[in-house]
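Text of final-v8.pdb, listed as PDB, C-alpha atoms, pLDDT in the B column:
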ATOM      1  CA  MET O   1     -13.238 -19.363   5.749  1.00 64.00           C
ATOM      2  CA  VAL O   2      -9.475 -19.758   5.339  1.00 74.00           C
ATOM      3  CA  PHE O   3      -7.356 -16.609   5.205  1.00 81.00           C
ATOM      4  CA  ARG O   4      -5.479 -16.098   1.963  1.00 86.00           C
ATOM      5  CA  SER O   5      -2.890 -13.361   1.701  1.00 93.00           C
ATOM      6  CA  PHE O   6      -2.589 -11.357  -1.494  1.00 97.00           C
ATOM      7  CA  MET O   7       0.759  -9.884  -0.489  1.00 98.00           C
ATOM      8  CA  ASP O   8       2.560 -11.832  -3.236  1.00 97.00           C
ATOM      9  CA  GLU O   9       0.457  -9.950  -5.797  1.00 98.00           C
ATOM     10  CA  ALA O  10       1.284  -6.641  -4.093  1.00 98.00           C
ATOM     11  CA  LEU O  11       4.992  -7.559  -4.094  1.00 98.00           C
ATOM     12  CA  SER O  12       4.744  -8.312  -7.812  1.00 98.00           C
ATOM     13  CA  GLU O  13       3.371  -4.799  -8.371  1.00 98.00           C
ATOM     14  CA  ALA O  14       6.210  -3.386  -6.235  1.00 98.00           C
ATOM     15  CA  ARG O  15       8.800  -5.222  -8.337  1.00 98.00           C
ATOM     16  CA  ALA O  16       7.209  -3.847 -11.515  1.00 98.00           C
ATOM     17  CA  ALA O  17       7.364  -0.342 -10.024  1.00 98.00           C
ATOM     18  CA  ALA O  18      11.076  -0.798  -9.258  1.00 97.00           C
ATOM     19  CA  ALA O  19      11.673  -1.930 -12.836  1.00 97.00           C
ATOM     20  CA  ARG O  20      10.113   1.373 -13.978  1.00 97.00           C
ATOM     21  CA  GLY O  21      12.447   3.309 -11.673  1.00 97.00           C
ATOM     22  CA  GLU O  22       9.711   4.005  -9.140  1.00 98.00           C
ATOM     23  CA  VAL O  23       9.956   3.441  -5.401  1.00 98.00           C
ATOM     24  CA  PRO O  24       8.938  -0.230  -5.128  1.00 98.00           C
ATOM     25  CA  VAL O  25       5.547  -0.127  -3.474  1.00 98.00           C
ATOM     26  CA  GLY O  26       2.642  -2.241  -4.686  1.00 98.00           C
ATOM     27  CA  ALA O  27      -1.024  -2.454  -3.725  1.00 98.00           C
ATOM     28  CA  VAL O  28      -3.908  -4.808  -4.445  1.00 98.00           C
ATOM     29  CA  VAL O  29      -7.631  -4.342  -3.708  1.00 98.00           C
ATOM     30  CA  VAL O  30      -9.522  -7.579  -3.038  1.00 98.00           C
ATOM     31  CA  ASN O  31     -13.285  -8.051  -2.741  1.00 97.00           C
ATOM     32  CA  ALA O  32     -15.118 -10.133  -0.127  1.00 94.00           C
ATOM     33  CA  GLN O  33     -15.152 -13.139  -2.466  1.00 94.00           C
ATOM     34  CA  GLY O  34     -11.353 -13.129  -2.647  1.00 95.00           C
ATOM     35  CA  SER O  35     -11.007 -11.749  -6.171  1.00 97.00           C
ATOM     36  CA  VAL O  36      -8.514  -9.044  -7.080  1.00 98.00           C
ATOM     37  CA  VAL O  37     -10.477  -5.978  -8.186  1.00 98.00           C
ATOM     38  CA  ALA O  38      -7.508  -3.673  -8.855  1.00 98.00           C
ATOM     39  CA  ARG O  39      -3.740  -3.586  -8.568  1.00 98.00           C
ATOM     40  CA  ALA O  40      -1.121  -0.887  -8.921  1.00 98.00           C
ATOM     41  CA  GLY O  41       2.437   0.100  -8.204  1.00 98.00           C
ATOM     42  CA  ASN O  42       3.868   3.545  -7.587  1.00 98.00           C
ATOM     43  CA  ARG O  43       3.849   5.815 -10.667  1.00 98.00           C
ATOM     44  CA  THR O  44       4.770   9.214  -9.213  1.00 98.00           C
ATOM     45  CA  ARG O  45       7.733   9.766 -11.532  1.00 97.00           C
ATOM     46  CA  GLU O  46       6.112   8.305 -14.625  1.00 97.00           C
ATOM     47  CA  LEU O  47       2.928  10.368 -14.237  1.00 98.00           C
ATOM     48  CA  HIS O  48       4.644  13.433 -12.739  1.00 98.00           C
ATOM     49  CA  ASP O  49       2.055  13.170  -9.982  1.00 98.00           C
ATOM     50  CA  PRO O  50       2.967  13.205  -6.288  1.00 98.00           C
ATOM     51  CA  THR O  51      -0.378  11.537  -5.480  1.00 98.00           C
ATOM     52  CA  ALA O  52       0.262   8.523  -7.754  1.00 98.00           C
ATOM     53  CA  HIS O  53       1.099   6.218  -4.857  1.00 98.00           C
ATOM     54  CA  ALA O  54       0.250   2.540  -5.304  1.00 98.00           C
ATOM     55  CA  GLU O  55      -2.586   2.687  -2.763  1.00 98.00           C
ATOM     56  CA  VAL O  56      -4.255   5.713  -4.359  1.00 98.00           C
ATOM     57  CA  LEU O  57      -3.960   4.247  -7.863  1.00 98.00           C
ATOM     58  CA  ALA O  58      -5.371   0.889  -6.757  1.00 98.00           C
ATOM     59  CA  ILE O  59      -8.260   2.573  -4.919  1.00 98.00           C
ATOM     60  CA  ARG O  60      -9.031   4.754  -7.960  1.00 98.00           C
ATOM     61  CA  ALA O  61      -9.002   1.727 -10.268  1.00 98.00           C
ATOM     62  CA  ALA O  62     -11.209  -0.327  -7.932  1.00 98.00           C
ATOM     63  CA  CYS O  63     -13.724   2.489  -7.533  1.00 98.00           C
ATOM     64  CA  ALA O  64     -13.835   2.990 -11.313  1.00 98.00           C
ATOM     65  CA  ALA O  65     -14.313  -0.745 -11.910  1.00 97.00           C
ATOM     66  CA  LEU O  66     -17.146  -0.895  -9.366  1.00 97.00           C
ATOM     67  CA  GLY O  67     -18.715   2.447 -10.260  1.00 98.00           C
ATOM     68  CA  SER O  68     -18.625   3.569  -6.626  1.00 97.00           C
ATOM     69  CA  GLU O  69     -16.581   5.865  -4.425  1.00 96.00           C
ATOM     70  CA  ARG O  70     -16.820   3.368  -1.564  1.00 97.00           C
ATOM     71  CA  LEU O  71     -14.998   0.053  -1.214  1.00 98.00           C
ATOM     72  CA  THR O  72     -16.907  -1.239   1.797  1.00 97.00           C
ATOM     73  CA  GLY O  73     -16.128  -4.906   2.355  1.00 95.00           C
ATOM     74  CA  HIS O  74     -12.887  -4.740   0.365  1.00 98.00           C
ATOM     75  CA  ASP O  75      -9.366  -5.378   1.607  1.00 98.00           C
ATOM     76  CA  LEU O  76      -6.224  -3.514   0.621  1.00 98.00           C
ATOM     77  CA  TYR O  77      -2.826  -5.220   0.585  1.00 98.00           C
ATOM     78  CA  VAL O  78       0.160  -2.893   0.337  1.00 98.00           C
ATOM     79  CA  THR O  79       3.848  -3.643   0.669  1.00 98.00           C
ATOM     80  CA  LEU O  80       4.702  -0.576   2.780  1.00 98.00           C
ATOM     81  CA  GLU O  81       2.893   1.172   5.615  1.00 98.00           C
ATOM     82  CA  PRO O  82       0.707   3.823   3.959  1.00 98.00           C
ATOM     83  CA  CYS O  83       1.678   7.474   4.281  1.00 98.00           C
ATOM     84  CA  PRO O  84      -0.835   9.948   5.777  1.00 98.00           C
ATOM     85  CA  MET O  85      -2.212  10.839   2.323  1.00 98.00           C
ATOM     86  CA  CYS O  86      -2.853   7.196   1.482  1.00 98.00           C
ATOM     87  CA  ALA O  87      -4.273   6.472   4.933  1.00 98.00           C
ATOM     88  CA  GLY O  88      -6.741   9.309   4.340  1.00 98.00           C
ATOM     89  CA  ALA O  89      -7.726   7.833   0.980  1.00 98.00           C
ATOM     90  CA  ILE O  90      -8.154   4.401   2.590  1.00 98.00           C
ATOM     91  CA  SER O  91     -10.443   5.923   5.198  1.00 98.00           C
ATOM     92  CA  PHE O  92     -12.507   7.876   2.653  1.00 98.00           C
ATOM     93  CA  ALA O  93     -12.872   4.774   0.475  1.00 98.00           C
ATOM     94  CA  ARG O  94     -14.148   2.838   3.522  1.00 98.00           C
ATOM     95  CA  ILE O  95     -11.704  -0.051   3.015  1.00 98.00           C
ATOM     96  CA  GLY O  96     -12.633  -2.803   5.473  1.00 98.00           C
ATOM     97  CA  ARG O  97      -9.199  -4.257   6.178  1.00 98.00           C
ATOM     98  CA  LEU O  98      -5.696  -2.977   5.507  1.00 98.00           C
ATOM     99  CA  TYR O  99      -2.808  -5.435   5.334  1.00 98.00           C
ATOM    100  CA  PHE O 100       0.680  -4.009   4.970  1.00 98.00           C
ATOM    101  CA  GLY O 101       4.196  -5.386   4.880  1.00 98.00           C
ATOM    102  CA  ALA O 102       7.073  -3.169   5.934  1.00 98.00           C
ATOM    103  CA  ASP O 103       6.811  -0.490   8.603  1.00 97.00           C
ATOM    104  CA  ASP O 104       7.686   3.057   7.543  1.00 97.00           C
ATOM    105  CA  PRO O 105       8.951   4.921  10.638  1.00 96.00           C
ATOM    106  CA  LYS O 106      10.007   7.893   8.486  1.00 95.00           C
ATOM    107  CA  SER O 107       6.878   8.525   6.403  1.00 96.00           C
ATOM    108  CA  GLY O 108       4.194   6.143   7.637  1.00 97.00           C
ATOM    109  CA  GLY O 109       0.783   7.394   8.647  1.00 97.00           C
ATOM    110  CA  VAL O 110      -0.789   4.304  10.220  1.00 98.00           C
ATOM    111  CA  SER O 111       1.494   2.865  12.919  1.00 97.00           C
ATOM    112  CA  HIS O 112       3.931   5.789  12.859  1.00 96.00           C
ATOM    113  CA  GLY O 113       3.775   9.547  12.426  1.00 94.00           C
ATOM    114  CA  ALA O 114       0.285  10.966  12.002  1.00 96.00           C
ATOM    115  CA  ARG O 115      -1.512   7.713  12.876  1.00 97.00           C
ATOM    116  CA  VAL O 116      -4.437   8.856  10.767  1.00 98.00           C
ATOM    117  CA  PHE O 117      -6.856   6.140  11.863  1.00 98.00           C
ATOM    118  CA  ASP O 118      -6.400   7.080  15.532  1.00 97.00           C
ATOM    119  CA  GLN O 119      -7.488  10.695  15.019  1.00 97.00           C
ATOM    120  CA  ALA O 120     -10.930  11.916  16.115  1.00 95.00           C
ATOM    121  CA  GLN O 121     -11.369  13.451  12.646  1.00 94.00           C
ATOM    122  CA  CYS O 122     -11.055  10.043  10.974  1.00 96.00           C
ATOM    123  CA  HIS O 123     -14.566   8.995   9.934  1.00 92.00           C
ATOM    124  CA  HIS O 124     -13.652   5.384   9.154  1.00 97.00           C
ATOM    125  CA  ALA O 125     -10.785   3.227  10.366  1.00 98.00           C
ATOM    126  CA  PRO O 126     -10.160  -0.156   8.759  1.00 98.00           C
ATOM    127  CA  GLU O 127      -8.960  -3.188  10.643  1.00 98.00           C
ATOM    128  CA  VAL O 128      -5.162  -3.055  10.329  1.00 98.00           C
ATOM    129  CA  TYR O 129      -2.821  -6.040  10.059  1.00 98.00           C
ATOM    130  CA  ASP O 130       0.875  -5.319   9.674  1.00 97.00           C
ATOM    131  CA  GLY O 131       3.992  -7.335   9.017  1.00 96.00           C
ATOM    132  CA  LEU O 132       2.731  -9.529   6.159  1.00 95.00           C
ATOM    133  CA  SER O 133       5.758 -10.447   4.019  1.00 96.00           C
ATOM    134  CA  ALA O 134       7.574  -7.610   5.774  1.00 97.00           C
ATOM    135  CA  LEU O 135      11.049  -9.059   5.187  1.00 97.00           C
ATOM    136  CA  ASP O 136      10.427  -9.387   1.435  1.00 97.00           C
ATOM    137  CA  ALA O 137       9.037  -5.855   1.216  1.00 98.00           C
ATOM    138  CA  GLU O 138      11.925  -4.438   3.265  1.00 98.00           C
ATOM    139  CA  ALA O 139      14.505  -6.261   1.150  1.00 97.00           C
ATOM    140  CA  LEU O 140      12.976  -4.893  -2.050  1.00 97.00           C
ATOM    141  CA  LEU O 141      13.079  -1.334  -0.707  1.00 97.00           C
ATOM    142  CA  LYS O 142      16.619  -1.656   0.688  1.00 96.00           C
ATOM    143  CA  THR O 143      17.938  -3.095  -2.570  1.00 96.00           C
ATOM    144  CA  PHE O 144      16.254  -0.331  -4.580  1.00 96.00           C
ATOM    145  CA  PHE O 145      17.640   2.504  -2.446  1.00 94.00           C
ATOM    146  CA  ALA O 146      21.094   0.926  -2.099  1.00 94.00           C
ATOM    147  CA  ALA O 147      21.369   0.756  -5.894  1.00 92.00           C
ATOM    148  CA  ARG O 148      20.391   4.431  -6.134  1.00 88.00           C
ATOM    149  CA  ARG O 149      22.978   5.402  -3.516  1.00 86.00           C
ATOM    150  CA  GLY O 150      25.668   3.113  -4.888  1.00 79.00           C
ATOM    151  CA  GLY O 151      25.969   1.366  -1.505  1.00 58.00           C
ATOM    152  CA  ASP O 152      25.357  -2.122  -0.283  1.00 51.00           C
ATOM    153  CA  GLU O 153      21.947  -3.697   0.305  1.00 48.00           C
ATOM    154  CA  ASP O 154      21.596  -2.607   3.924  1.00 44.00           C
ATOM    155  CA  GLY O 155      21.456   1.010   2.760  1.00 41.00           C
ATOM    156  CA  SER O 156      24.868   1.987   4.061  1.00 37.00           C
ATOM    157  CA  THR O 157      27.317   3.752   1.780  1.00 29.00           C
TER     158      THR O 157
END

Final structure tokens representation of the file:
Amino acid sequence: MVFRSFMDEALSEARAAAARGEVPVGAVVVNAQGSVVARAGNRTRELHDPTAHAEVLAIRAACAALGSERLTGHDLYVTLEPCPMCAGAISFARIGRLYFGADDPKSGGVSHGARVFDQAQCHHAPEVYDGLSALDAEALLKTFFAARRGGDEDGST
């Protein structure tokens, strides 16, 4: 079987989130056959919901579509390293593989910070692959925040 990345679809969701004024993070859930089951971008501002991160919304949509609270055998592609809340949701949903783009040293919960999947209390840890389309994801985030700060694209003001 040949690996196919779905990070372009996640980046598309991130761009749509940015267009809505949301932090540009996108997520896509893919089944074992390579079909997209659900997709989402951040909607925290739009929904007035601090839990409306792209990962959580995509997991909710996939579970609803499948009629199950478990996504065993499914992959999650997300443009930014998941925060601890999202990492917890990924674990509870039993996602098989997590692919993410940009690292998040400030708020990440997978490779940085809480490292949720490394904790003894974590009942399920997916396989984790980082750095997919990282430069594209980072550029999208930097451009978004630079525009909000009125600075240049590298985030400096």

Practice prompt. Using only C-alpha atoms, determine which residues lie at most 12 Å from Cys63 (chain O), disregarding the query and same-chain residues fewer than 2 positions distant; provide the list as a ChimeraX atom specification.
Written response: /O:29-31,37-39,56-61,65-72,74,89-90,92-95

Practice prompt. Measuring atom to atom with only C-alpha atoms, identify which of O:Pro84, O:Gly41, O:Gly131, O:Gly73 is nearest to Lys106 (chain O).
Written response: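 Of O:Pro84, O:Gly41, O:Gly131, O:Gly73, the one nearest Lys106 (chain O) is O:Pro84, counting only C-alpha atoms.
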
Worksheet item: Quick one: of O:Ala147, O:Ala120, O:Ala40, O:Val128, who's nearest to Asp75 (chain O), counting only C-alpha atoms?
Response: O:Val128

Discussion item. Quick check on the file I pasted: which residues fall under the PyMOL selection byres ((chain O and resi 3-6) around 10)? Write them as a ChimeraX atom specification.
Written reply: /O:1-2,7-11,27-30,34-36,75-78,99,132-133

Run through the PyMOL selection byres ((chain O and resi 103) around 9) on the given coordinates and return the selected residues as a PDB file with C-alpha atoms, keeping the file's coordinate frame.
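Final output, result27.pdb:
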ATOM      1  CA  LEU O  80       4.702  -0.576   2.780  1.00 98.00           C
ATOM      2  CA  GLU O  81       2.893   1.172   5.615  1.00 98.00           C
ATOM      3  CA  PRO O  82       0.707   3.823   3.959  1.00 98.00           C
ATOM      4  CA  PHE O 100       0.680  -4.009   4.970  1.00 98.00           C
ATOM      5  CA  GLY O 101       4.196  -5.386   4.880  1.00 98.00           C
ATOM      6  CA  ALA O 102       7.073  -3.169   5.934  1.00 98.00           C
ATOM      7  CA  ASP O 104       7.686   3.057   7.543  1.00 97.00           C
ATOM      8  CA  PRO O 105       8.951   4.921  10.638  1.00 96.00           C
ATOM      9  CA  LYS O 106      10.007   7.893   8.486  1.00 95.00           C
ATOM     10  CA  GLY O 108       4.194   6.143   7.637  1.00 97.00           C
ATOM     11  CA  SER O 111       1.494   2.865  12.919  1.00 97.00           C
ATOM     12  CA  HIS O 112       3.931   5.789  12.859  1.00 96.00           C
ATOM     13  CA  ASP O 130       0.875  -5.319   9.674  1.00 97.00           C
ATOM     14  CA  GLY O 131       3.992  -7.335   9.017  1.00 96.00           C
ATOM     15  CA  ALA O 134       7.574  -7.610   5.774  1.00 97.00           C
ATOM     16  CA  GLU O 138      11.925  -4.438   3.265  1.00 98.00           C
TER      17      GLU O 138
END

Worksheet entry | Pairwise distance for CA of Leu141 (chain O) and CA of Ala17 (chain O), rounded to one decimal in Å |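 About the pair CA of Leu141 (chain O) and CA of Ala17 (chain O): they are 11.0 Å apart.
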
Extending 5 Å beyond the listed atoms of region 95-111 of chain O on each side, what axis-aligned box results? I want centre and edge lengths in Å to one decimal, as AutoDock Vina command-line options.
--center_x -1.3 --center_y 1.5 --center_z 8.0 --size_x 32.6 --size_y 24.0 --size_z 19.9

Worksheet item: Residues picked by the PyMOL selection byres ((chain O and resi 119) around 12) here, as a ChimeraX atom specification?
Response: /O:84,87-88,91,109-110,113-118,120-125

Practice prompt. Figure out the distance between CA of Ser12 (chain O) and CA of Glu46 (chain O), please, to one decimal in Å.
Written response: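 It comes out at 18.0 Å.
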
Worksheet item: So, counting only C-alpha atoms, which residue among O:Ala52, O:Met85, O:Leu140, O:Ala32 is closest to Ala16 (chain O)?
Response: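 Comparing O:Ala52, O:Met85, O:Leu140, O:Ala32 against Ala16 (chain O), the winner is O:Leu140.
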
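The space between CA of Arg45 (chain O) and CA of Leu98 (chain O) spans 25.2 Å.
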
Assuming the input is short of atoms at region 79-104 of chain O, produce N, CA, C and O atoms for that part as a short mmCIF file (atom, residue, chain, number, x, y, z; two decimals), keeping the file's coordinate frame.
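Listed below is the output, result_22.cif:
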data_model
loop_
_atom_site.label_atom_id
_atom_site.label_comp_id
_atom_site.auth_asym_id
_atom_site.auth_seq_id
_atom_site.Cartn_x
_atom_site.Cartn_y
_atom_site.Cartn_z
N THR O 79 2.55 -3.15 0.22
CA THR O 79 3.85 -3.64 0.67
C THR O 79 4.51 -2.77 1.73
O THR O 79 5.39 -3.24 2.45
N LEU O 80 4.10 -1.52 1.83
CA LEU O 80 4.70 -0.58 2.78
C LEU O 80 3.60 0.14 3.55
O LEU O 80 2.54 0.44 2.98
N GLU O 81 3.85 0.41 4.81
CA GLU O 81 2.89 1.17 5.62
C GLU O 81 2.46 2.43 4.86
O GLU O 81 3.31 3.22 4.42
N PRO O 82 1.17 2.64 4.69
CA PRO O 82 0.71 3.82 3.96
C PRO O 82 1.11 5.13 4.63
O PRO O 82 1.12 5.24 5.86
N CYS O 83 1.39 6.13 3.81
CA CYS O 83 1.68 7.47 4.28
C CYS O 83 0.36 8.12 4.72
O CYS O 83 -0.73 7.57 4.49
N PRO O 84 0.40 9.30 5.35
CA PRO O 84 -0.84 9.95 5.78
C PRO O 84 -1.82 10.21 4.63
O PRO O 84 -3.03 10.04 4.81
N MET O 85 -1.32 10.60 3.46
CA MET O 85 -2.21 10.84 2.32
C MET O 85 -2.96 9.56 1.95
O MET O 85 -4.18 9.57 1.77
N CYS O 86 -2.24 8.47 1.86
CA CYS O 86 -2.85 7.20 1.48
C CYS O 86 -3.78 6.68 2.57
O CYS O 86 -4.84 6.13 2.27
N ALA O 87 -3.40 6.88 3.83
CA ALA O 87 -4.27 6.47 4.93
C ALA O 87 -5.59 7.24 4.86
O ALA O 87 -6.67 6.67 5.08
N GLY O 88 -5.52 8.52 4.52
CA GLY O 88 -6.74 9.31 4.34
C GLY O 88 -7.61 8.75 3.23
O GLY O 88 -8.83 8.62 3.37
N ALA O 89 -6.98 8.41 2.11
CA ALA O 89 -7.73 7.83 0.98
C ALA O 89 -8.36 6.50 1.37
O ALA O 89 -9.50 6.21 0.99
N ILE O 90 -7.64 5.69 2.12
CA ILE O 90 -8.15 4.40 2.59
C ILE O 90 -9.38 4.62 3.46
O ILE O 90 -10.40 3.93 3.33
N SER O 91 -9.31 5.60 4.34
CA SER O 91 -10.44 5.92 5.20
C SER O 91 -11.64 6.40 4.37
O SER O 91 -12.76 5.91 4.56
N PHE O 92 -11.41 7.34 3.46
CA PHE O 92 -12.51 7.88 2.65
C PHE O 92 -13.14 6.81 1.77
O PHE O 92 -14.34 6.85 1.50
N ALA O 93 -12.34 5.85 1.32
CA ALA O 93 -12.87 4.77 0.48
C ALA O 93 -13.61 3.72 1.29
O ALA O 93 -14.26 2.85 0.73
N ARG O 94 -13.49 3.79 2.60
CA ARG O 94 -14.15 2.84 3.52
C ARG O 94 -13.64 1.40 3.35
O ARG O 94 -14.40 0.44 3.45
N ILE O 95 -12.33 1.28 3.09
CA ILE O 95 -11.70 -0.05 3.02
C ILE O 95 -11.96 -0.77 4.34
O ILE O 95 -11.81 -0.18 5.41
N GLY O 96 -12.32 -2.04 4.26
CA GLY O 96 -12.63 -2.80 5.47
C GLY O 96 -11.41 -3.24 6.25
O GLY O 96 -11.36 -3.11 7.47
N ARG O 97 -10.42 -3.78 5.54
CA ARG O 97 -9.20 -4.26 6.18
C ARG O 97 -7.99 -3.81 5.38
O ARG O 97 -7.98 -3.89 4.15
N LEU O 98 -6.97 -3.37 6.10
CA LEU O 98 -5.70 -2.98 5.51
C LEU O 98 -4.64 -3.96 5.99
O LEU O 98 -4.48 -4.17 7.20
N TYR O 99 -3.94 -4.55 5.03
CA TYR O 99 -2.81 -5.44 5.33
C TYR O 99 -1.57 -4.77 4.74
O TYR O 99 -1.57 -4.43 3.56
N PHE O 100 -0.54 -4.57 5.55
CA PHE O 100 0.68 -4.01 4.97
C PHE O 100 1.90 -4.77 5.44
O PHE O 100 1.89 -5.44 6.46
N GLY O 101 2.96 -4.66 4.63
CA GLY O 101 4.20 -5.39 4.88
C GLY O 101 5.14 -4.64 5.79
O GLY O 101 5.09 -4.75 7.01
N ALA O 102 6.01 -3.85 5.20
CA ALA O 102 7.07 -3.17 5.93
C ALA O 102 6.56 -1.93 6.67
O ALA O 102 5.71 -1.20 6.16
N ASP O 103 7.07 -1.73 7.87
CA ASP O 103 6.81 -0.49 8.60
C ASP O 103 7.54 0.65 7.91
O ASP O 103 8.58 0.44 7.27
N ASP O 104 7.02 1.87 8.08
CA ASP O 104 7.69 3.06 7.54
C ASP O 104 7.79 4.11 8.64
O ASP O 104 6.98 5.03 8.72
#
